[in-house]
Amino acid sequence: MESQPLPLDGITVVAVEQAVAAPFATRQLADLGARVIKVERIDGGDFARGYDSAAGGLASHFVWCNRGKESIALDLKDPRGVAVVRQLIAGADVFVQNLAHGAAARLGLDAATLCATHPRLVAVDISGYGPSGPYAGKRAYDMLVQCEAGLVSVTGTPGQPVKAGIPAADIAAAMYAFSGVLAALVRRGVSGRGGPVEVSMLDALAEWMGHPLHHAMHGGTPPARTGLAHAVIAPYDAYPTADGGRVLLSVQNDREWRRLAEQVIGRPELGTDPDFATNAARVENRERTDALVGEALGGLGADEAVVLLERAGVACARLRDVQQLAEHPQLAARERWRKVGSPVGPLRALLPPITLPGGGEAPMGDVPALGEHTEALLRAVGMADVEIAALRRDGVVA
């Protein structure tokens, strides 16, 4: 059977992007075969390049979000720099930006302006809080939006709210921008017209808050913070094991509880005991329920506990740290790791989660150095050597 081309092969994306939300969105497009041209500042580029140096000397955020892109460094405060972006957009299918509120409009790079000039262009504006309303101009960083969206209020322990350990607001906005681009490209295939796409971090994360939000709006009380425990199901928590590990288990119905009581706890009578026989009773007696499970698992090693729980048909998981994720046996068995090039040499990276059997593998191109493709891209839009030299001399490009 002939291999299918990558879905976005032939699609060109230009992105004036920084941090995580827009770069993560455009990396998804690159993974599906799009050519992504990343426009960066001349003075250090995307500021995510400077977040840390953990990835062999490069910033881990930048490595994660920017493989497979071409980098051009431009001064957008100079009209000549903006003119280069306009030339790149003229040959593009998609434009993405997540500049500070009002900045894209001042440059004439907002979605509405660009789509009026280029009817087939899909132009994406990613913002913190949307283009209007009292919060439109408010600075929006991931943890701030996590707070505004209520995520922090439902994450943590009863005594301490905590942020999510990943940039959840950025990722939510990125994935809606990614899917918005795909939807707009499908529409363009039918109508011949692209159009604007708007995504805000608050809107995206508020949607992800759907369960606690609807619970609070329609039930009258927000879900309690319960650490690793589930607010309305018991037992559903992580329990220490004899070797210092922790195993999380989840009992979803009373049949599973009876199996747990008989085959793991070793007390089959608990399956019919009125204090434990139903989920409502177990939640009401959560401390006693957890004590019974904790005592049973506390005498086992983590691997032994997982085997016993799986044999009993009880859903469970090892509580792994990040390094253990990097060595996860399932990822290894499915050969999900690849090497990508970078200015500091090859780096490990995961294949993207979208797998398209019968098609080509995600290209997973190199992580670019700042301005690595500036000259090639300037030549591609028709600039002569003397013009490029003048732009370099004047500090418009790097």
# chains A, B, ... in the order shown; residues from 1 in each chain; ligands from 1

call {"tool": "residues_around", "arguments": {"residues": "Asp110 of chain A", "least_positions_apart": "2", "cutoff": "10 Å", "atoms": "only C-alpha atoms", "output": "list in words"}}
result
Phe95, Val96, Gln97, Asn98, Leu99, Gly102, Ala103, Ala104, Ala105, Arg106, Leu107, Gly108, Ala112, Thr113, Leu114, Cys115, Ala123, Val124, Asp125 and Pro196 of chain A

call {"tool": "residues_around", "arguments": {"residues": "Asn66 of chain A", "least_positions_apart": "2", "cutoff": "6 Å", "atoms": "only C-alpha atoms", "output": "PyMOL selection string"}}
result
chain A and resi 27+62-63+367

call {"tool": "residues_around", "arguments": {"residues": "Ala281 of chain A", "least_positions_apart": "3", "cutoff": "12 Å", "atoms": "only C-alpha atoms", "output": "PyMOL selection string"}}
result
chain A and resi 232-235+254+257+270-278+284-289

call {"tool": "select_by_dssp", "arguments": {"residues": "segment 43-215 of chain A", "states": "strand (DSSP E or B)", "output": "count of residues only"}}
result
28

call {"tool": "residues_around", "arguments": {"residues": "Gly266 of chain A", "least_positions_apart": "3", "cutoff": "12 Å", "atoms": "only C-alpha atoms", "output": "PyMOL selection string"}}
result
chain A and resi 257-263+269-271+292-293+295-297+308+312

call {"tool": "write_last_selection", "arguments": {"atoms": "N, CA and C atoms", "output": "compact mmCIF listing (two decimals), in the first residue's frame"}}
result
# COMPACT_ATOMS: atom_id res chain seq x y z
N TRP A 257 -15.09 -3.06 44.45
CA TRP A 257 -14.80 -3.01 45.89
C TRP A 257 -14.83 -4.41 46.50
N ARG A 258 -15.81 -5.21 46.09
CA ARG A 258 -15.89 -6.56 46.65
C ARG A 258 -14.66 -7.39 46.27
N ARG A 259 -14.18 -7.22 45.03
CA ARG A 259 -12.97 -7.93 44.62
C ARG A 259 -11.75 -7.44 45.39
N LEU A 260 -11.68 -6.13 45.60
CA LEU A 260 -10.56 -5.57 46.37
C LEU A 260 -10.58 -6.10 47.80
N ALA A 261 -11.77 -6.12 48.40
CA ALA A 261 -11.89 -6.59 49.78
C ALA A 261 -11.47 -8.05 49.90
N GLU A 262 -11.87 -8.86 48.94
CA GLU A 262 -11.59 -10.29 49.03
C GLU A 262 -10.15 -10.62 48.64
N GLN A 263 -9.67 -10.07 47.52
CA GLN A 263 -8.41 -10.54 46.94
C GLN A 263 -7.19 -9.72 47.35
N GLU A 269 -15.73 -9.96 53.96
CA GLU A 269 -16.95 -9.46 54.61
C GLU A 269 -17.15 -7.96 54.41
N LEU A 270 -16.07 -7.24 54.07
CA LEU A 270 -16.19 -5.80 53.84
C LEU A 270 -17.02 -5.51 52.58
N GLY A 271 -17.13 -6.48 51.70
CA GLY A 271 -17.92 -6.28 50.49
C GLY A 271 -19.39 -6.08 50.75
N LEU A 292 -7.89 0.80 55.65
CA LEU A 292 -7.94 -0.61 55.27
C LEU A 292 -7.07 -0.89 54.04
N VAL A 293 -7.21 -0.03 53.03
CA VAL A 293 -6.42 -0.21 51.81
C VAL A 293 -4.94 0.03 52.10
N GLU A 295 -3.25 -0.32 54.83
CA GLU A 295 -2.65 -1.41 55.59
C GLU A 295 -2.33 -2.59 54.68
N ALA A 296 -3.23 -2.87 53.73
CA ALA A 296 -3.01 -4.00 52.83
C ALA A 296 -1.84 -3.75 51.89
N LEU A 297 -1.73 -2.54 51.33
CA LEU A 297 -0.66 -2.25 50.39
C LEU A 297 0.65 -1.93 51.08
N LEU A 308 -0.94 -7.67 42.17
CA LEU A 308 -2.08 -8.16 42.93
C LEU A 308 -3.36 -7.41 42.55
N ALA A 312 -6.78 -8.74 40.53
CA ALA A 312 -8.13 -8.58 41.09
C ALA A 312 -9.03 -7.73 40.20

call {"tool": "residues_around", "arguments": {"residues": "Leu32 of chain A", "least_positions_apart": "6", "cutoff": "8 Å", "atoms": "only C-alpha atoms", "output": "PyMOL selection string"}}
result
chain A and resi 6-9+362-363

call {"tool": "write_last_selection", "arguments": {"atoms": "C-alpha atoms", "output": "PDB file, in the first residue's frame"}}
result
ATOM      1  CA  LEU A   6       1.702  14.004   5.854  1.00  0.00           C
ATOM      2  CA  PRO A   7      -1.628  15.873   6.254  1.00  0.00           C
ATOM      3  CA  LEU A   8      -0.112  19.367   6.214  1.00  0.00           C
ATOM      4  CA  ASP A   9       2.538  18.743   3.580  1.00  0.00           C
ATOM      5  CA  ALA A 362       6.270  13.066  11.932  1.00  0.00           C
ATOM      6  CA  PRO A 363       9.388  14.800  10.585  1.00  0.00           C
TER       7      PRO A 363
END

call {"tool": "select_by_dssp", "arguments": {"residues": "segment 101-253 of chain A", "states": "helix (DSSP H, G or I)", "output": "NGL selection string"}}
result
:A and (103-107 or 111-117 or 142-148 or 152-154 or 168-191 or 201-208 or 210-219)

call {"tool": "atom_distance", "arguments": {"atom1": "atom CA of Arg246 of chain A", "atom2": "atom CA of Ala333 of chain A"}}
result
23.1 Å

call {"tool": "residues_around", "arguments": {"residues": "Arg139 of chain A", "least_positions_apart": "5", "cutoff": "12 Å", "atoms": "only C-alpha atoms", "output": "list in words"}}
result
Leu99, Ala100, His101, Gly102, Ser127, Gly128, Tyr129, Gly130, Pro134, Leu144, Val145, Glu148, Met201 and Leu202 of chain A

call {"tool": "write_last_selection", "arguments": {"atoms": "N, CA, C and O atoms", "output": "CSV table (one decimal), in the first residue's frame"}}
result
chain,number,residue,atom,x,y,z
A,99,LEU,N,1.5,38.0,20.5
A,99,LEU,CA,2.1,39.2,21.0
A,99,LEU,C,1.2,39.8,22.1
A,99,LEU,O,0.1,39.5,22.3
A,100,ALA,N,1.8,40.8,22.8
A,100,ALA,CA,1.0,41.5,23.9
A,100,ALA,C,-0.2,42.2,23.3
A,100,ALA,O,-0.2,42.5,22.1
A,101,HIS,N,-1.2,42.4,24.1
A,101,HIS,CA,-2.4,43.0,23.6
A,101,HIS,C,-2.2,44.2,22.9
A,101,HIS,O,-1.5,45.2,23.3
A,102,GLY,N,-2.7,44.3,21.7
A,102,GLY,CA,-2.6,45.5,20.8
A,102,GLY,C,-1.4,45.6,20.0
A,102,GLY,O,-1.4,46.4,19.0
A,127,SER,N,-4.4,35.1,22.7
A,127,SER,CA,-4.3,36.1,23.8
A,127,SER,C,-4.5,35.5,25.2
A,127,SER,O,-4.9,34.3,25.3
A,128,GLY,N,-4.3,36.3,26.2
A,128,GLY,CA,-4.5,35.8,27.5
A,128,GLY,C,-6.0,35.8,27.9
A,128,GLY,O,-6.5,34.8,28.4
A,129,TYR,N,-6.7,36.9,27.6
A,129,TYR,CA,-8.1,37.0,28.0
A,129,TYR,C,-9.1,37.4,26.9
A,129,TYR,O,-10.3,37.6,27.2
A,130,GLY,N,-8.6,37.4,25.7
A,130,GLY,CA,-9.5,37.8,24.6
A,130,GLY,C,-9.3,39.2,24.2
A,130,GLY,O,-8.7,40.0,24.9
A,134,PRO,N,-12.9,43.8,30.2
A,134,PRO,CA,-12.0,44.5,31.2
A,134,PRO,C,-10.7,43.9,31.4
A,134,PRO,O,-9.7,44.6,31.8
A,144,LEU,N,-0.9,32.9,36.3
A,144,LEU,CA,-1.9,33.9,36.5
A,144,LEU,C,-3.2,33.4,36.0
A,144,LEU,O,-4.3,33.6,36.7
A,145,VAL,N,-3.2,32.9,34.8
A,145,VAL,CA,-4.5,32.4,34.2
A,145,VAL,C,-5.0,31.2,34.9
A,145,VAL,O,-6.2,31.0,35.1
A,148,GLU,N,-6.9,32.7,37.7
A,148,GLU,CA,-8.2,33.3,37.2
A,148,GLU,C,-9.2,32.3,36.8
A,148,GLU,O,-10.4,32.5,37.0
A,201,MET,N,-6.3,32.2,26.5
A,201,MET,CA,-5.9,31.2,27.5
A,201,MET,C,-7.0,31.0,28.5
A,201,MET,O,-7.3,29.9,28.9
A,202,LEU,N,-7.7,32.1,28.9
A,202,LEU,CA,-8.8,32.0,29.9
A,202,LEU,C,-9.9,31.1,29.4
A,202,LEU,O,-10.5,30.2,30.0

call {"tool": "residues_around", "arguments": {"residues": "Arg67 of chain A", "least_positions_apart": "6", "cutoff": "9 Å", "atoms": "only C-alpha atoms", "output": "VMD selection string"}}
result
chain A and resid 27 30 to 31 340 to 342 364 to 368

call {"tool": "write_last_selection", "arguments": {"atoms": "all heavy atoms", "output": "short mmCIF file (atom, residue, chain, number, x, y, z; two decimals), in the first residue's frame"}}
result
data_model
loop_
_atom_site.label_atom_id
_atom_site.label_comp_id
_atom_site.auth_asym_id
_atom_site.auth_seq_id
_atom_site.Cartn_x
_atom_site.Cartn_y
_atom_site.Cartn_z
N ARG A 27 4.17 23.98 16.73
CA ARG A 27 4.94 22.73 16.68
C ARG A 27 4.06 21.55 16.28
O ARG A 27 4.49 20.64 15.58
CB ARG A 27 5.61 22.45 18.02
CG ARG A 27 6.77 21.46 17.90
CD ARG A 27 6.90 20.57 19.09
NE ARG A 27 5.95 19.47 19.06
CZ ARG A 27 5.73 18.64 20.07
NH1 ARG A 27 6.37 18.83 21.22
NH2 ARG A 27 4.86 17.65 19.97
N ALA A 30 3.90 21.65 12.61
CA ALA A 30 5.14 21.15 12.03
C ALA A 30 5.19 19.62 12.08
O ALA A 30 5.64 18.96 11.14
CB ALA A 30 6.35 21.75 12.75
N ASP A 31 4.71 19.06 13.19
CA ASP A 31 4.71 17.61 13.33
C ASP A 31 3.83 16.93 12.29
O ASP A 31 4.04 15.76 11.95
CB ASP A 31 4.21 17.21 14.74
CG ASP A 31 5.25 17.45 15.82
OD1 ASP A 31 6.44 17.58 15.49
OD2 ASP A 31 4.86 17.51 17.00
N VAL A 340 16.30 14.39 17.98
CA VAL A 340 16.18 15.56 17.12
C VAL A 340 17.47 16.35 17.20
O VAL A 340 18.14 16.40 18.24
CB VAL A 340 14.97 16.45 17.50
CG1 VAL A 340 13.68 15.68 17.38
CG2 VAL A 340 15.12 17.01 18.91
N GLY A 341 17.83 16.98 16.09
CA GLY A 341 19.02 17.80 16.07
C GLY A 341 18.80 19.13 16.78
O GLY A 341 17.67 19.60 16.94
N SER A 342 19.88 19.74 17.22
CA SER A 342 19.81 21.04 17.87
C SER A 342 21.19 21.69 17.81
O SER A 342 22.17 21.01 17.46
CB SER A 342 19.39 20.88 19.34
OG SER A 342 20.50 20.53 20.15
N MET A 364 9.79 15.74 12.80
CA MET A 364 10.56 16.03 14.01
C MET A 364 11.92 16.63 13.66
O MET A 364 12.98 16.10 13.97
CB MET A 364 10.73 14.77 14.88
CG MET A 364 9.41 14.27 15.42
SD MET A 364 9.56 12.86 16.53
CE MET A 364 10.37 13.60 17.93
N GLY A 365 11.87 17.79 12.99
CA GLY A 365 13.09 18.46 12.55
C GLY A 365 13.88 19.06 13.69
O GLY A 365 13.51 18.98 14.86
N ASP A 366 14.97 19.71 13.33
CA ASP A 366 15.89 20.25 14.32
C ASP A 366 15.29 21.43 15.09
O ASP A 366 14.41 22.14 14.61
CB ASP A 366 17.17 20.74 13.63
CG ASP A 366 17.96 19.62 12.98
OD1 ASP A 366 17.59 18.45 13.19
OD2 ASP A 366 18.92 19.93 12.27
N VAL A 367 15.82 21.62 16.30
CA VAL A 367 15.55 22.84 17.07
C VAL A 367 16.45 23.92 16.49
O VAL A 367 17.68 23.75 16.45
CB VAL A 367 15.85 22.63 18.57
CG1 VAL A 367 15.62 23.92 19.34
CG2 VAL A 367 15.02 21.49 19.13
N PRO A 368 15.91 25.05 16.02
CA PRO A 368 16.76 26.02 15.31
C PRO A 368 17.54 26.93 16.25
O PRO A 368 17.10 27.28 17.33
CB PRO A 368 15.74 26.83 14.52
CG PRO A 368 14.51 26.82 15.38
CD PRO A 368 14.49 25.45 16.03
#

call {"tool": "atom_distance", "arguments": {"atom1": "atom CA of Cys316 of chain A", "atom2": "atom CA of Leu248 of chain A"}}
result
5.4 Å

call {"tool": "closest_residue", "arguments": {"among": "A:Ala54, A:Ala15, A:Val20, A:Ile171", "to": "Leu347 of chain A", "atoms": "only C-alpha atoms"}}
result
A:Ala54

call {"tool": "closest_residue", "arguments": {"among": "A:Arg348, A:Arg320, A:Arg336, A:Arg267", "to": "Glu361 of chain A", "atoms": "only C-alpha atoms"}}
result
A:Arg336

call {"tool": "atom_distance", "arguments": {"atom1": "atom CA of Lys163 of chain A", "atom2": "atom CA of Ala204 of chain A"}}
result
16.4 Å

call {"tool": "closest_residue", "arguments": {"among": "A:Leu213, A:Val190, A:Leu228, A:Ala305", "to": "Thr241 of chain A", "atoms": "only C-alpha atoms"}}
result
A:Ala305

call {"tool": "closest_residue", "arguments": {"among": "A:Leu377, A:Ala302, A:Ala149, A:Leu325", "to": "Val14 of chain A", "atoms": "only C-alpha atoms"}}
result
A:Leu377

call {"tool": "closest_residue", "arguments": {"among": "A:Ala19, A:Glu387, A:Gly245, A:Ile89", "to": "Gly50 of chain A", "atoms": "only C-alpha atoms"}}
result
A:Ala19

call {"tool": "closest_residue", "arguments": {"among": "A:Val306, A:Val344, A:Ile126, A:Ala34", "to": "Ala92 of chain A", "atoms": "only C-alpha atoms"}}
result
A:Ala34
